[in-house]
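Undergrad: Input start.pdb, format and content: PDB, C-alpha atoms (C1' of nucleotides).
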```pdb
ATOM      1  CA  MET A 153      27.382 -16.702  -7.273
ATOM      2  CA  ALA A 154      27.979 -13.293  -8.779
ATOM      3  CA  VAL A 155      24.945 -11.599 -10.204
ATOM      4  CA  LYS A 156      25.228  -9.045 -12.976
ATOM      5  CA  ILE A 157      23.028  -6.022 -12.604
ATOM      6  CA  LYS A 158      22.181  -3.842 -15.560
ATOM      7  CA  ASN A 159      22.370  -0.484 -13.812
ATOM      8  CA  LYS A 160      25.440  -1.318 -11.755
ATOM      9  CA  LEU A 161      28.355  -2.212 -13.997
ATOM     10  CA  GLU A 162      30.199  -4.276 -11.438
ATOM     11  CA  SER A 163      28.865  -7.619 -10.273
ATOM     12  CA  VAL A 164      27.622  -7.987  -6.752
ATOM     13  CA  PRO A 165      28.721 -11.181  -5.017
ATOM     14  CA  SER A 166      25.536 -12.526  -3.601
ATOM     15  CA  SER A 167      22.862 -15.160  -3.853
ATOM     16  CA  ARG A 168      19.118 -15.020  -4.118
ATOM     17  CA  LEU A 169      17.162 -15.033  -0.860
ATOM     18  CA  SER A 170      15.745 -18.505  -0.287
ATOM     19  CA  ARG A 171      12.252 -19.682   0.566
ATOM     20  CA  ASP A 172      13.520 -20.361   4.093
ATOM     21  CA  PHE A 173      14.409 -16.680   4.523
ATOM     22  CA  PHE A 174      10.772 -15.681   4.011
ATOM     23  CA  THR A 175       9.327 -18.582   6.009
ATOM     24  CA  ARG A 176      10.430 -17.028   9.328
ATOM     25  CA  PRO A 177       8.466 -14.656  11.630
ATOM     26  CA  THR A 178       7.477 -11.490   9.753
ATOM     27  CA  VAL A 179       9.105  -8.967  12.087
ATOM     28  CA  ILE A 180      12.424 -10.805  11.752
ATOM     29  CA  VAL A 181      12.130 -10.915   7.966
ATOM     30  CA  ALA A 182      11.249  -7.196   7.854
ATOM     31  CA  LYS A 183      14.416  -6.312   9.792
ATOM     32  CA  ASP A 184      16.588  -8.718   7.798
ATOM     33  CA  LEU A 185      15.388  -7.312   4.463
ATOM     34  CA  LEU A 186      17.025  -3.970   5.263
ATOM     35  CA  GLY A 187      20.141  -3.497   3.124
ATOM     36  CA  LYS A 188      19.282  -6.432   0.862
ATOM     37  CA  ILE A 189      19.255  -5.805  -2.880
ATOM     38  CA  MET A 190      15.979  -6.092  -4.710
ATOM     39  CA  VAL A 191      16.200  -6.520  -8.461
ATOM     40  CA  PHE A 192      13.237  -5.913 -10.752
ATOM     41  CA  ASN A 193      13.666  -6.175 -14.523
ATOM     42  CA  GLY A 194      17.381  -5.484 -14.223
ATOM     43  CA  ILE A 195      17.070  -2.445 -11.951
ATOM     44  CA  ALA A 196      18.694  -2.930  -8.543
ATOM     45  CA  ALA A 197      18.092  -1.092  -5.285
ATOM     46  CA  SER A 198      19.070  -1.466  -1.650
ATOM     47  CA  ILE A 199      16.066  -1.797   0.668
ATOM     48  CA  THR A 200      15.959   1.038   3.220
ATOM     49  CA  GLU A 201      12.561   0.819   4.884
ATOM     50  CA  THR A 202      10.103  -1.986   5.684
ATOM     51  CA  GLU A 203       7.002  -2.698   7.731
ATOM     52  CA  ALA A 204       5.668  -5.992   9.101
ATOM     53  CA  TYR A 205       1.997  -6.966   8.675
ATOM     54  CA  VAL A 206       1.511  -9.984  10.855
ATOM     55  CA  GLY A 207      -1.471 -12.133  10.039
ATOM     56  CA  LYS A 208      -5.070 -12.336  11.165
ATOM     57  CA  ASP A 209      -4.434 -10.974  14.647
ATOM     58  CA  ASP A 210      -2.884  -7.759  13.296
ATOM     59  CA  PRO A 211      -5.810  -5.361  12.653
ATOM     60  CA  ALA A 212      -3.733  -3.353  10.143
ATOM     61  CA  CYS A 213      -3.009  -6.435   8.023
ATOM     62  CA  HIS A 214      -5.161  -6.936   4.914
ATOM     63  CA  ALA A 215      -5.597 -10.551   5.986
ATOM     64  CA  ALA A 216      -7.142  -9.568   9.339
ATOM     65  CA  ARG A 217     -10.689 -10.059   8.049
ATOM     66  CA  GLY A 218      -9.985 -13.364   6.400
ATOM     67  CA  ARG A 219      -9.280 -14.515   2.902
ATOM     68  CA  THR A 220     -10.386 -12.183   0.090
ATOM     69  CA  LYS A 221      -9.462 -11.989  -3.562
ATOM     70  CA  ARG A 222      -6.958  -9.259  -2.747
ATOM     71  CA  SER A 223      -5.362 -10.866   0.311
ATOM     72  CA  GLU A 224      -5.402 -14.408  -1.060
ATOM     73  CA  ILE A 225      -1.716 -14.442  -1.972
ATOM     74  CA  MET A 226      -0.764 -13.788   1.656
ATOM     75  CA  PHE A 227      -2.349 -17.106   2.642
ATOM     76  CA  GLY A 228      -0.151 -18.985   0.217
ATOM     77  CA  PRO A 229       3.494 -20.000   0.506
ATOM     78  CA  PRO A 230       6.126 -17.412   1.510
ATOM     79  CA  GLY A 231       8.494 -15.743  -0.914
ATOM     80  CA  TYR A 232       5.805 -14.409  -3.275
ATOM     81  CA  SER A 233       5.055 -10.795  -4.159
ATOM     82  CA  TYR A 234       1.868  -9.166  -2.881
ATOM     83  CA  VAL A 235       1.059  -5.992  -4.827
ATOM     84  CA  TYR A 236      -2.118  -4.045  -4.113
ATOM     85  CA  PHE A 237      -3.667  -0.818  -5.393
ATOM     86  CA  ILE A 238      -4.322   1.998  -2.915
ATOM     87  CA  TYR A 239      -5.827   5.500  -2.832
ATOM     88  CA  GLY A 240      -6.970   5.217  -6.415
ATOM     89  CA  MET A 241      -3.484   5.938  -7.743
ATOM     90  CA  TYR A 242      -0.670   4.003  -6.078
ATOM     91  CA  HIS A 243       0.612   0.476  -5.783
ATOM     92  CA  CYS A 244       2.426  -1.038  -2.808
ATOM     93  CA  LEU A 245       4.858  -3.974  -2.883
ATOM     94  CA  ASN A 246       5.059  -6.658  -0.214
ATOM     95  CA  PHE A 247       6.799 -10.000   0.151
ATOM     96  CA  VAL A 248       4.750 -12.826   1.676
ATOM     97  CA  THR A 249       6.200 -14.319   4.865
ATOM     98  CA  GLU A 250       5.645 -17.214   7.302
ATOM     99  CA  PRO A 251       4.419 -20.711   6.447
ATOM    100  CA  GLU A 252       1.487 -21.353   4.130
ATOM    101  CA  ASN A 253      -1.903 -20.461   5.680
ATOM    102  CA  THR A 254      -0.265 -17.892   7.955
ATOM    103  CA  ALA A 255      -1.228 -14.725   6.087
ATOM    104  CA  ALA A 256       1.538 -12.188   6.664
ATOM    105  CA  ALA A 257       3.812  -9.958   4.596
ATOM    106  CA  VAL A 258       6.508  -7.293   4.656
ATOM    107  CA  LEU A 259       5.708  -3.954   2.998
ATOM    108  CA  ILE A 260       8.685  -2.498   1.138
ATOM    109  CA  ARG A 261       8.437   1.228   1.917
ATOM    110  CA  GLY A 262      11.745   2.552   0.621
ATOM    111  CA  CYS A 263      14.886   1.749  -1.328
ATOM    112  CA  LYS A 264      17.957   3.394  -2.792
ATOM    113  CA  LEU A 265      18.897   2.794  -6.418
ATOM    114  CA  LEU A 266      22.285   1.167  -7.038
ATOM    115  CA  ASP A 267      23.206   3.465  -9.898
ATOM    116  CA  ASP A 268      24.979   6.781 -10.181
ATOM    117  CA  SER A 269      21.801   8.645  -9.270
ATOM    118  CA  ALA A 270      21.547   6.832  -5.905
ATOM    119  CA  LEU A 271      17.943   8.001  -5.985
ATOM    120  CA  HIS A 272      16.163   7.388  -2.687
ATOM    121  CA  LEU A 273      12.634   6.121  -3.305
ATOM    122  CA  ASN A 274      11.142   7.005   0.076
ATOM    123  CA  GLY A 275       7.579   5.757   0.168
ATOM    124  CA  PRO A 276       5.868   2.596  -1.097
ATOM    125  CA  GLY A 277       3.881   4.391  -3.809
ATOM    126  CA  LYS A 278       6.906   6.183  -5.210
ATOM    127  CA  LEU A 279       8.884   2.938  -5.135
ATOM    128  CA  CYS A 280       6.326   1.055  -7.233
ATOM    129  CA  ARG A 281       5.855   4.006  -9.575
ATOM    130  CA  HIS A 282       9.590   4.116 -10.316
ATOM    131  CA  PHE A 283       9.856   0.389 -11.006
ATOM    132  CA  ALA A 284       6.478   0.358 -12.799
ATOM    133  CA  ILE A 285       5.281  -2.344 -10.421
ATOM    134  CA  THR A 286       1.522  -2.901 -10.716
ATOM    135  CA  ARG A 287      -1.012  -5.589  -9.875
ATOM    136  CA  ASP A 288       0.345  -7.411 -12.931
ATOM    137  CA  HIS A 289       3.288  -8.209 -10.661
ATOM    138  CA  ASN A 290       1.212  -9.711  -7.866
ATOM    139  CA  ALA A 291       1.884 -13.359  -6.959
ATOM    140  CA  ILE A 292       5.359 -13.599  -8.505
ATOM    141  CA  ASP A 293       7.694 -16.146  -6.919
ATOM    142  CA  ILE A 294      10.575 -13.990  -5.679
ATOM    143  CA  CYS A 295      12.571 -17.167  -4.985
ATOM    144  CA  GLY A 296      12.180 -18.447  -8.538
ATOM    145  CA  ASP A 297      11.397 -15.654 -11.004
ATOM    146  CA  LYS A 298      14.214 -14.576 -13.284
ATOM    147  CA  ASN A 299      13.259 -10.892 -13.432
ATOM    148  CA  PHE A 300      12.186 -10.260  -9.840
ATOM    149  CA  TYR A 301      14.248 -11.371  -6.853
ATOM    150  CA  VAL A 302      16.147 -10.222  -3.765
ATOM    151  CA  LEU A 303      19.863 -10.792  -3.269
ATOM    152  CA  ASP A 304      21.449 -11.776   0.019
ATOM    153  CA  ASN A 305      24.567  -9.636   0.302
ATOM    154  CA  ASN A 306      25.021 -10.362   4.024
ATOM    155  CA  VAL A 307      24.551  -6.688   4.850
ATOM    156  CA  ARG A 308      23.062  -5.878   8.264
ATOM    157  CA  PRO A 309      22.690  -2.084   8.496
ATOM    158  CA  LYS A 310      21.808  -0.238  11.672
ATOM    159  CA  PHE A 311      18.158   0.763  11.746
ATOM    160  CA  GLU A 312      15.503   2.584  13.728
ATOM    161  CA  THR A 313      12.201   1.098  14.885
ATOM    162  CA  THR A 314       8.942   3.100  14.847
ATOM    163  CA  PRO A 315       5.186   2.548  14.638
ATOM    164  CA  ARG A 316       3.817   1.905  11.161
ATOM    165  CA  ILE A 317       2.761   4.762   8.874
ATOM    166  CA  GLY A 318      -0.662   5.638   7.536
ATOM    167  CA  ILE A 319      -2.750   3.087   9.442
ATOM    168  CA  SER A 320      -5.766   3.688  11.687
ATOM    169  CA  LYS A 321      -5.545   0.408  13.615
ATOM    170  CA  GLY A 322      -2.506  -1.293  15.098
ATOM    171  CA  GLN A 323      -0.543   1.917  15.706
ATOM    172  CA  ASP A 324       0.704   0.484  18.980
ATOM    173  CA  LYS A 325       2.951  -2.034  17.223
ATOM    174  CA  PRO A 326       6.566  -0.869  16.565
ATOM    175  CA  TRP A 327       6.833  -2.713  13.287
ATOM    176  CA  ARG A 328       8.388  -0.132  10.948
ATOM    177  CA  PHE A 329      12.130  -0.418  10.358
ATOM    178  CA  VAL A 330      14.227   2.301   8.732
ATOM    179  CA  VAL A 331      17.941   2.130   7.856
ATOM    180  CA  LYS A 332      19.905   4.866   9.609
ATOM    181  CA  SER A 333      21.217   7.223   6.954
ATOM    182  CA  ASN A 334      24.593   7.445   8.640
ATOM    183  CA  GLY A 335      25.288   3.913   9.550
TER     184      GLY A 335
ATOM    185  C1'  DA B  92     -25.885  -2.180  -6.139
ATOM    186  C1'  DC B  93     -24.117   1.212  -3.153
ATOM    187  C1'  DC B  94     -21.229   3.536   0.073
ATOM    188  C1'  DC B  95     -17.164   4.629   2.617
ATOM    189  C1'  DC B  96     -12.544   4.521   3.447
ATOM    190  C1'  DG B  97      -7.809   3.523   2.553
ATOM    191  C1'  DA B  98      -0.392   0.049   4.405
ATOM    192  C1'  DT B  99      -0.065   7.583  -0.308
ATOM    193  C1'  DC B 100       1.848  11.659  -2.250
ATOM    194  C1'  DG B 101       2.475  16.340  -3.614
ATOM    195  C1'  DT B 102       1.377  20.846  -2.733
ATOM    196  C1'  DA B 103       0.024  24.576   0.509
TER     197       DA B 103
ATOM    198  C1'  DA C 782      -3.185  20.454   6.541
ATOM    199  C1'  DC C 783      -5.607  18.729   2.656
ATOM    200  C1'  DG C 784      -7.321  17.217  -1.873
ATOM    201  C1'  DA C 785      -6.858  13.887  -5.753
ATOM    202  C1'  DT C 786      -8.766   9.507  -7.202
ATOM    203  C1'  DC C 787     -10.901   4.718  -7.541
ATOM    204  C1'  DG C 788     -10.693  -0.272  -6.036
ATOM    205  C1'  DG C 789     -12.209  -3.291  -2.455
ATOM    206  C1'  DG C 790     -14.740  -4.809   1.403
ATOM    207  C1'  DG C 791     -18.798  -4.567   4.004
ATOM    208  C1'  DT C 792     -23.466  -3.867   3.955
ATOM    209  C1'  DT C 793     -28.231  -3.670   1.695
TER     210       DT C 793
END
```
Mind turning the file's structure into structure tokens?
TA:
Amino acid sequence: MAVKIKNKLESVPSSRLSRDFFTRPTVIVAKDLLGKIMVFNGIAASITETEAYVGKDDPACHAARGRTKRSEIMFGPPGYSYVYFIYGMYHCLNFVTEPENTAAAVLIRGCKLLDDSALHLNGPGKLCRHFAITRDHNAIDICGDKNFYVLDNNVRPKFETTPRIGISKGQDKPWRFVVKSNG
DNA sequence: ACCCCGATCGTA
DNA sequence: ACGATCGGGGTT
């Protein structure tokens, strides 16, 4: 199917990422999301940076201390948005992964707009600020919503692997993935 | 009810 | 290197 995107005049031949895509292990999903096209209210961007947060045994994951009001969505089925508020001023966007009751998610840390500006939104707070993503957009079904979804364009860019940013626990895990700018 | 810290960002 | 800024989770 060809999907029309408001800020990119041409159509992009692609299909929406399925529930099965998000049901897989979180580190795999985080890598595979690189280069995919996220579309929010008609604005499209290529995902350039992700991090995996892998369930109750990952001390950096919000689900590590069990189910709370905030982390509840991560315990549900995969393919849903998880948006939380941080540092009193920013929001961060995640996509829930792995089967229901396995509380894990991929943090979307960066993307590049598919318009003439090609603006690089490097950082999860800046990304949400640009799209105006807030907690109002928590728990949206990315596999079913008509205004918020990710397109599978079969792109597999080269990427680098590093420890995750801004965490005080779990720094030993190399679960941050960044698209190489030149490849 | 209170306290501390945080999956950040912009400026210095 | 650091301050802004406030919700959430843990503790009382």
Undergrad: Name the residues in contact with DG97 of chain B at a cut-off of 10 Å, using only C-alpha atoms (C1' of nucleotides), excluding same-chain residues fewer than 4 positions from it; report them as number ranges by chain.
TA: A: 237-240, 318-320; C: 788-789
Undergrad: At most 10 Å is the cut-off: for each residue in chain A with any atom that close to an atom of chain B, write down the nearest atom pair and the distance in Å rounded to one decimal, counting only C-alpha atoms (C1' of nucleotides), chain first then increasing number, as JSON lines.
TA:
```
{"residue": "A:Glu203", "atom": "CA", "partner": "B:DA98", "partner_atom": "C1'", "distance": 8.6}
{"residue": "A:Ala204", "atom": "CA", "partner": "B:DA98", "partner_atom": "C1'", "distance": 9.8}
{"residue": "A:Tyr205", "atom": "CA", "partner": "B:DA98", "partner_atom": "C1'", "distance": 8.6}
{"residue": "A:Ala212", "atom": "CA", "partner": "B:DA98", "partner_atom": "C1'", "distance": 7.5}
{"residue": "A:Cys213", "atom": "CA", "partner": "B:DA98", "partner_atom": "C1'", "distance": 7.9}
{"residue": "A:His214", "atom": "CA", "partner": "B:DA98", "partner_atom": "C1'", "distance": 8.5}
{"residue": "A:Tyr236", "atom": "CA", "partner": "B:DA98", "partner_atom": "C1'", "distance": 9.6}
{"residue": "A:Phe237", "atom": "CA", "partner": "B:DG97", "partner_atom": "C1'", "distance": 10.0}
{"residue": "A:Ile238", "atom": "CA", "partner": "B:DG97", "partner_atom": "C1'", "distance": 6.7}
{"residue": "A:Tyr239", "atom": "CA", "partner": "B:DG97", "partner_atom": "C1'", "distance": 6.1}
{"residue": "A:Gly240", "atom": "CA", "partner": "B:DG97", "partner_atom": "C1'", "distance": 9.2}
{"residue": "A:Met241", "atom": "CA", "partner": "B:DT99", "partner_atom": "C1'", "distance": 8.3}
{"residue": "A:Tyr242", "atom": "CA", "partner": "B:DT99", "partner_atom": "C1'", "distance": 6.8}
{"residue": "A:His243", "atom": "CA", "partner": "B:DT99", "partner_atom": "C1'", "distance": 9.0}
{"residue": "A:Cys244", "atom": "CA", "partner": "B:DA98", "partner_atom": "C1'", "distance": 7.8}
{"residue": "A:Leu245", "atom": "CA", "partner": "B:DA98", "partner_atom": "C1'", "distance": 9.8}
{"residue": "A:Asn246", "atom": "CA", "partner": "B:DA98", "partner_atom": "C1'", "distance": 9.8}
{"residue": "A:Leu259", "atom": "CA", "partner": "B:DA98", "partner_atom": "C1'", "distance": 7.4}
{"residue": "A:Ile260", "atom": "CA", "partner": "B:DA98", "partner_atom": "C1'", "distance": 10.0}
{"residue": "A:Arg261", "atom": "CA", "partner": "B:DA98", "partner_atom": "C1'", "distance": 9.2}
{"residue": "A:Gly275", "atom": "CA", "partner": "B:DT99", "partner_atom": "C1'", "distance": 7.9}
{"residue": "A:Pro276", "atom": "CA", "partner": "B:DT99", "partner_atom": "C1'", "distance": 7.8}
{"residue": "A:Gly277", "atom": "CA", "partner": "B:DT99", "partner_atom": "C1'", "distance": 6.2}
{"residue": "A:Lys278", "atom": "CA", "partner": "B:DC100", "partner_atom": "C1'", "distance": 8.0}
{"residue": "A:Arg316", "atom": "CA", "partner": "B:DA98", "partner_atom": "C1'", "distance": 8.2}
{"residue": "A:Ile317", "atom": "CA", "partner": "B:DA98", "partner_atom": "C1'", "distance": 7.2}
{"residue": "A:Gly318", "atom": "CA", "partner": "B:DA98", "partner_atom": "C1'", "distance": 6.4}
{"residue": "A:Ile319", "atom": "CA", "partner": "B:DA98", "partner_atom": "C1'", "distance": 6.3}
{"residue": "A:Ser320", "atom": "CA", "partner": "B:DG97", "partner_atom": "C1'", "distance": 9.4}
```
Undergrad: Using all atoms listed in the file, find which residues of chain C lie within 12 Å of chain A and jot them down as a list in words.
TA: DG784, DA785, DT786, DC787, DG788, DG789, DG790 and DG791 of chain C
Undergrad: Check what the PyMOL selection byres ((chain A and resi 176-178) around 7) selects in the file above and give those residues as a list in words.
TA: Asp172, Phe173, Phe174, Thr175, Val179, Ile180, Val181, Ala182, Ala204, Val206, Thr249, Glu250, Ala256, Ala257 and Val258 of chain A
Undergrad: Can those selected residues be exported to a file as a short mmCIF file (atom, residue, chain, number, x, y, z; two decimals), in the coordinates of the input so that it contains C-alpha atoms?
TA:
```
data_model
loop_
_atom_site.label_atom_id
_atom_site.label_comp_id
_atom_site.auth_asym_id
_atom_site.auth_seq_id
_atom_site.Cartn_x
_atom_site.Cartn_y
_atom_site.Cartn_z
CA ASP A 172 13.52 -20.36 4.09
CA PHE A 173 14.41 -16.68 4.52
CA PHE A 174 10.77 -15.68 4.01
CA THR A 175 9.33 -18.58 6.01
CA VAL A 179 9.10 -8.97 12.09
CA ILE A 180 12.42 -10.80 11.75
CA VAL A 181 12.13 -10.92 7.97
CA ALA A 182 11.25 -7.20 7.85
CA ALA A 204 5.67 -5.99 9.10
CA VAL A 206 1.51 -9.98 10.86
CA THR A 249 6.20 -14.32 4.86
CA GLU A 250 5.64 -17.21 7.30
CA ALA A 256 1.54 -12.19 6.66
CA ALA A 257 3.81 -9.96 4.60
CA VAL A 258 6.51 -7.29 4.66
#
```
Undergrad: Kindly list the centre and edge lengths in Å, rounded to one decimal, for the axis-aligned box that covers all listed atoms of chain C plus 6 Å on each of its six sides, as lines of an AutoDock Vina configuration file.
TA:
```
center_x = -15.7
center_y = 7.8
center_z = -0.5
size_x = 37.0
size_y = 37.3
size_z = 26.1
```
Undergrad: Could you check how far atom CA of His289 of chain A sits from atom CA of Ser198 of chain A, in Å to one decimal?
TA: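 If I compute the distance from atom CA of His289 of chain A to atom CA of Ser198 of chain A, I get 19.4 Å.
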Undergrad: Evaluated on this file, the PyMOL selection byres ((chain A and resi 303) around 8) picks out some residues - which ones are they, written as a PyMOL selection string?
TA: chain A and resi 166-169+188-191+301-302+304-305
Undergrad: Suppose you want the space between atom CA of Tyr232 of chain A and atom CA of Ala215 of chain A; what is it in Å?
TA: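 Separation of atom CA of Tyr232 of chain A and atom CA of Ala215 of chain A: 15.2 Å.
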Undergrad: Under the rule that only C-alpha atoms are counted, which of A:Val235, A:Asn253, A:Ser269, A:Ala216 is the nearest residue to Ala197 of chain A?
TA: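 Between A:Val235, A:Asn253, A:Ser269, A:Ala216, the residue approaching Ala197 of chain A most closely is A:Ser269.
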